[in-house]
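Undergrad: Once you've had a glance at the structure underneath, I'll fire off some questions.
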Amino acid sequence: MKIMITGSDGQLGKDLQKECQSRAIRFLASDVDVLDICDLKEVQEYVWMAHPTAIINCAAYNAVDQAETDFAKAKMVNGIGPKNLAIAAEEAGIPIIHFSTDFVFNGDKGSAYSITDQPNPISRYGQSKLLGEQLVQAVTNRFFVVRLSWVFGAGNMNFVKKVLEWAKKKDVIKIVDDQVSSPAYVVDLAPAILDLLETGSFGLYHLTNQGHCSRYEWAKLIVEKAGLDASVEPARRPGAPTFRSRPNGPSFLPWITFRYQT
Ligand SMILES: NC(=O)c1ccc[n+]([C@@H]2O[C@H](COP(=O)([O-])OP(=O)(O)OC[C@H]3O[C@@H](n4cnc5c(N)ncnc54)[C@H](OP(=O)(O)O)[C@@H]3O)[C@@H](O)[C@H]2O)c1
């Protein structure tokens, strides 16, 4: 096995590399400085030269709020990039794992979403990620589209890091309690993803850690576990944007068709 990991400097990409190392699986790691997934020719040449046996695409444009004003970039990285990788995977006759998000749903269901629920994104980010899902599935049958939510791990751009920063600077931090989802720790995701690849059971999956919580509940736990003194209080977003960047109410509960337990 020789796995090609794109977006390898991101949270998930980093832990997938570690997991490959621990399983003695060969891998080729690239981030945008080495391989821009938006460039089809570059992607095809890379795959032709490297002869991977599978592609795992961790590259993404994850700036949810920015995507409202930079939709073109979001569509390019989250839609066209995955399509390019799927084209190269199809040409090479190898599978592709691509990641999507709970943002493909509108959050109105009020209970856990399953893979049979119809996506209906209400944000530009969600639309760009749905485009990626659809294009990958249109190009190849050898796909795993894996929807994740609230990913956290090594890296500076995640909720855990932000809460710790805020809690060190302030006595009281206010966190919204109307966003509910299932956090997903990359240390748990990485082995689950490699296990999933080995099954050869292509299709659409939802993958998170078990349980669900609000942002407020999660922040409280983070502060408590870190032994910090800051008080965490529930809040509703003041001056909430005109679009709902995260749907209100239970949006993405652990409705997992493939669950990995640690
Ligand atoms: N983070 C979450 O809470 C969350 C939730 C649900 C689903 N997901 C999905 O899970 C997957 C992994 O997320 P993550 O949190 O590990 O992402 P991440 O930390 O943001 O990493 C994404 C990586 O992709 C790189 N990249 C951006 N544009 C690229 C391009 N054109 N070509 C190649 N690489 C490019 C980024 O580089 P730069 O940093 O230089 O841009 C970054 O290193 C993504 O598909 C994401 O949409 C994430």
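Note on naming: chains are A, B, ... as they come in the structure tokens, residues start from 1 per chain, ligands start from 1 in the order shown.
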Could you give me, as a list in words, every polymer residue with an atom at most 6 Å away from an atom of ligand 1, counting only C-alpha atoms and all ligand atoms?
TA: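 Going residue by residue within 6 Å of ligand 1, we get Thr6, Gly7, Ser8, Asp9, Gly10, Gln11, Leu12, Gly13, Asp31, Val32, Leu35, Asp36, Ile37, Cys38, Cys58, Ala59, Ala60, Tyr61, Asn62, Val77, Phe99, Ser100, Thr101, Leu148, Ser149, Trp150 and Val151 of chain A.
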Undergrad: Pick from A:Ile193, A:Ile122, A:Leu164, A:Ala74: nearest to A:Leu228, with only C-alpha atoms counted?
TA: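 For A:Leu228, the nearest of the given residues is A:Leu164.
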Undergrad: Quick one, how far is atom CA of A:Trp166 from atom CA of A:Ser123?
TA: 26.2 Å
Undergrad: Return the single residue from A:Leu16, A:Gly200, A:Lys169, A:Val232 that is closest to A:Ala154, with distances computed using only C-alpha atoms.
TA: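 Among A:Leu16, A:Gly200, A:Lys169, A:Val232, it is A:Leu16 that comes nearest to A:Ala154.
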Undergrad: Using only C-alpha atoms, pick whichever of A:Leu131, A:Ala190, A:Ala50, A:Ile87 has the shortest atom-to-atom distance to A:Val104.
TA: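 With only C-alpha atoms as the atom set, the closest residue is A:Leu131.
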Undergrad: Which of these residues is nearest to A:Thr199, using only C-alpha atoms: A:Phe144, A:Tyr113, A:Met157, A:Asp171?
TA: A:Phe144
Undergrad: What is the atom CA of A:Gly203 to atom CA of A:Val146 distance in Å?
TA: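 Spanning atom CA of A:Gly203 to atom CA of A:Val146 is a straight-line distance of 8.3 Å.
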Undergrad: Check stretch 127-257 of chain A with DSSP on the backbone and list each residue it calls strand (DSSP E), as a PyMOL selection string.
TA: chain A and resi 143-148+151-152+172-176+179-181+184-185+203-206+213-214+231-235+249-252
Undergrad: Give me a file of those residues, with C-alpha atoms, as an mmCIF file, in the first residue's frame.
TA:
data_model
loop_
_atom_site.group_PDB
_atom_site.id
_atom_site.type_symbol
_atom_site.label_atom_id
_atom_site.label_comp_id
_atom_site.auth_asym_id
_atom_site.auth_seq_id
_atom_site.Cartn_x
_atom_site.Cartn_y
_atom_site.Cartn_z
ATOM 1 C CA PHE A 143 -14.924 6.710 -3.495
ATOM 2 C CA PHE A 144 -15.315 7.073 0.231
ATOM 3 C CA VAL A 145 -16.986 10.369 1.062
ATOM 4 C CA VAL A 146 -16.632 10.766 4.807
ATOM 5 C CA ARG A 147 -18.519 13.567 6.538
ATOM 6 C CA LEU A 148 -16.860 14.837 9.703
ATOM 7 C CA VAL A 151 -12.549 18.231 13.949
ATOM 8 C CA PHE A 152 -9.823 18.967 16.469
ATOM 9 C CA VAL A 172 -15.432 34.801 32.017
ATOM 10 C CA ILE A 173 -15.938 33.422 28.532
ATOM 11 C CA LYS A 174 -19.321 33.250 26.842
ATOM 12 C CA ILE A 175 -19.916 30.399 24.431
ATOM 13 C CA VAL A 176 -22.969 29.696 22.314
ATOM 14 C CA GLN A 179 -24.862 24.861 18.228
ATOM 15 C CA VAL A 180 -24.903 21.133 18.852
ATOM 16 C CA SER A 181 -22.730 18.540 17.185
ATOM 17 C CA ALA A 184 -14.154 14.386 16.202
ATOM 18 C CA TYR A 185 -10.593 13.955 17.466
ATOM 19 C CA GLY A 203 -19.749 4.885 -0.197
ATOM 20 C CA LEU A 204 -20.900 7.733 1.975
ATOM 21 C CA TYR A 205 -20.047 7.747 5.693
ATOM 22 C CA HIS A 206 -20.524 9.902 8.760
ATOM 23 C CA CYS A 213 -22.739 18.405 22.999
ATOM 24 C CA SER A 214 -23.261 22.102 22.544
ATOM 25 C CA SER A 231 -15.892 30.680 34.180
ATOM 26 C CA VAL A 232 -17.763 29.503 31.060
ATOM 27 C CA GLU A 233 -21.236 30.945 30.526
ATOM 28 C CA PRO A 234 -23.842 30.045 27.897
ATOM 29 C CA ALA A 235 -24.608 32.689 25.294
ATOM 30 C CA GLY A 249 -30.268 22.915 17.266
ATOM 31 C CA PRO A 250 -29.001 19.386 16.979
ATOM 32 C CA SER A 251 -27.350 19.272 13.635
ATOM 33 C CA PHE A 252 -24.934 16.442 13.412
#
Undergrad: DSSP on the backbone, then: every residue of stretch 86-179 of chain A marked alpha helix (DSSP H), written as an MDAnalysis selection string.
TA: chainID A and resid 86:92 124:139 159:169
Undergrad: Those selected residues, please, written with N, CA and C atoms and delivered as a tab-separated table (two decimals), in the first residue's frame.
TA:
chain	number	residue	atom	x	y	z
A	86	ALA	N	-10.24	13.02	-7.92
A	86	ALA	CA	-11.06	11.87	-8.29
A	86	ALA	C	-10.79	11.46	-9.74
A	87	ILE	N	-10.56	12.46	-10.61
A	87	ILE	CA	-10.22	12.14	-12.00
A	87	ILE	C	-8.92	11.34	-12.06
A	88	ALA	N	-7.91	11.83	-11.34
A	88	ALA	CA	-6.62	11.14	-11.34
A	88	ALA	C	-6.75	9.75	-10.72
A	89	ALA	N	-7.56	9.63	-9.66
A	89	ALA	CA	-7.76	8.33	-9.02
A	89	ALA	C	-8.44	7.36	-9.99
A	90	GLU	N	-9.43	7.85	-10.70
A	90	GLU	CA	-10.16	7.02	-11.66
A	90	GLU	C	-9.21	6.56	-12.78
A	91	GLU	N	-8.40	7.49	-13.27
A	91	GLU	CA	-7.45	7.14	-14.34
A	91	GLU	C	-6.46	6.07	-13.87
A	92	ALA	N	-6.08	6.16	-12.58
A	92	ALA	CA	-5.09	5.21	-12.04
A	92	ALA	C	-5.76	3.93	-11.52
A	124	ARG	N	-22.37	29.25	2.27
A	124	ARG	CA	-21.53	29.08	1.08
A	124	ARG	C	-20.52	27.96	1.31
A	125	TYR	N	-19.99	27.92	2.52
A	125	TYR	CA	-19.02	26.85	2.86
A	125	TYR	C	-19.67	25.48	2.64
A	126	GLY	N	-20.88	25.32	3.21
A	126	GLY	CA	-21.59	24.05	3.06
A	126	GLY	C	-21.85	23.72	1.60
A	127	GLN	N	-22.18	24.75	0.82
A	127	GLN	CA	-22.44	24.53	-0.61
A	127	GLN	C	-21.17	24.06	-1.32
A	128	SER	N	-20.05	24.68	-0.95
A	128	SER	CA	-18.79	24.30	-1.62
A	128	SER	C	-18.39	22.87	-1.25
A	129	LYS	N	-18.66	22.47	-0.01
A	129	LYS	CA	-18.31	21.11	0.40
A	129	LYS	C	-19.25	20.09	-0.25
A	130	LEU	N	-20.52	20.46	-0.40
A	130	LEU	CA	-21.46	19.56	-1.06
A	130	LEU	C	-21.06	19.37	-2.52
A	131	LEU	N	-20.62	20.46	-3.14
A	131	LEU	CA	-20.16	20.37	-4.53
A	131	LEU	C	-19.03	19.33	-4.64
A	132	GLY	N	-18.10	19.38	-3.70
A	132	GLY	CA	-16.98	18.43	-3.70
A	132	GLY	C	-17.47	16.99	-3.60
A	133	GLU	N	-18.41	16.76	-2.69
A	133	GLU	CA	-18.98	15.40	-2.53
A	133	GLU	C	-19.56	14.92	-3.86
A	134	GLN	N	-20.35	15.82	-4.46
A	134	GLN	CA	-21.09	15.42	-5.67
A	134	GLN	C	-20.14	15.16	-6.84
A	135	LEU	N	-19.13	16.01	-6.97
A	135	LEU	CA	-18.21	15.85	-8.11
A	135	LEU	C	-17.37	14.59	-7.96
A	136	VAL	N	-16.93	14.30	-6.74
A	136	VAL	CA	-16.15	13.07	-6.52
A	136	VAL	C	-17.00	11.86	-6.92
A	137	GLN	N	-18.25	11.85	-6.47
A	137	GLN	CA	-19.12	10.70	-6.74
A	137	GLN	C	-19.50	10.61	-8.22
A	138	ALA	N	-19.47	11.76	-8.90
A	138	ALA	CA	-19.80	11.75	-10.33
A	138	ALA	C	-18.65	11.20	-11.16
A	139	VAL	N	-17.44	11.34	-10.65
A	139	VAL	CA	-16.27	11.00	-11.45
A	139	VAL	C	-15.82	9.55	-11.26
A	159	PHE	N	-11.40	24.64	17.78
A	159	PHE	CA	-12.16	25.17	18.91
A	159	PHE	C	-11.44	24.98	20.24
A	160	VAL	N	-10.81	23.83	20.41
A	160	VAL	CA	-10.13	23.55	21.69
A	160	VAL	C	-9.04	24.59	21.93
A	161	LYS	N	-8.22	24.82	20.90
A	161	LYS	CA	-7.14	25.80	21.04
A	161	LYS	C	-7.69	27.19	21.33
A	162	LYS	N	-8.77	27.54	20.62
A	162	LYS	CA	-9.34	28.88	20.81
A	162	LYS	C	-9.88	29.04	22.22
A	163	VAL	N	-10.60	28.05	22.72
A	163	VAL	CA	-11.16	28.14	24.08
A	163	VAL	C	-10.03	28.27	25.10
A	164	LEU	N	-8.97	27.50	24.93
A	164	LEU	CA	-7.85	27.59	25.87
A	164	LEU	C	-7.23	28.99	25.86
A	165	GLU	N	-7.09	29.54	24.66
A	165	GLU	CA	-6.55	30.92	24.55
A	165	GLU	C	-7.44	31.91	25.28
A	166	TRP	N	-8.76	31.83	24.98
A	166	TRP	CA	-9.70	32.77	25.60
A	166	TRP	C	-9.68	32.62	27.12
A	167	ALA	N	-9.66	31.36	27.58
A	167	ALA	CA	-9.76	31.10	29.03
A	167	ALA	C	-8.52	31.57	29.78
A	168	LYS	N	-7.41	31.64	29.08
A	168	LYS	CA	-6.19	32.13	29.73
A	168	LYS	C	-6.21	33.66	29.85
A	169	LYS	N	-6.95	34.31	28.92
A	169	LYS	CA	-6.95	35.77	28.90
A	169	LYS	C	-8.09	36.38	29.69
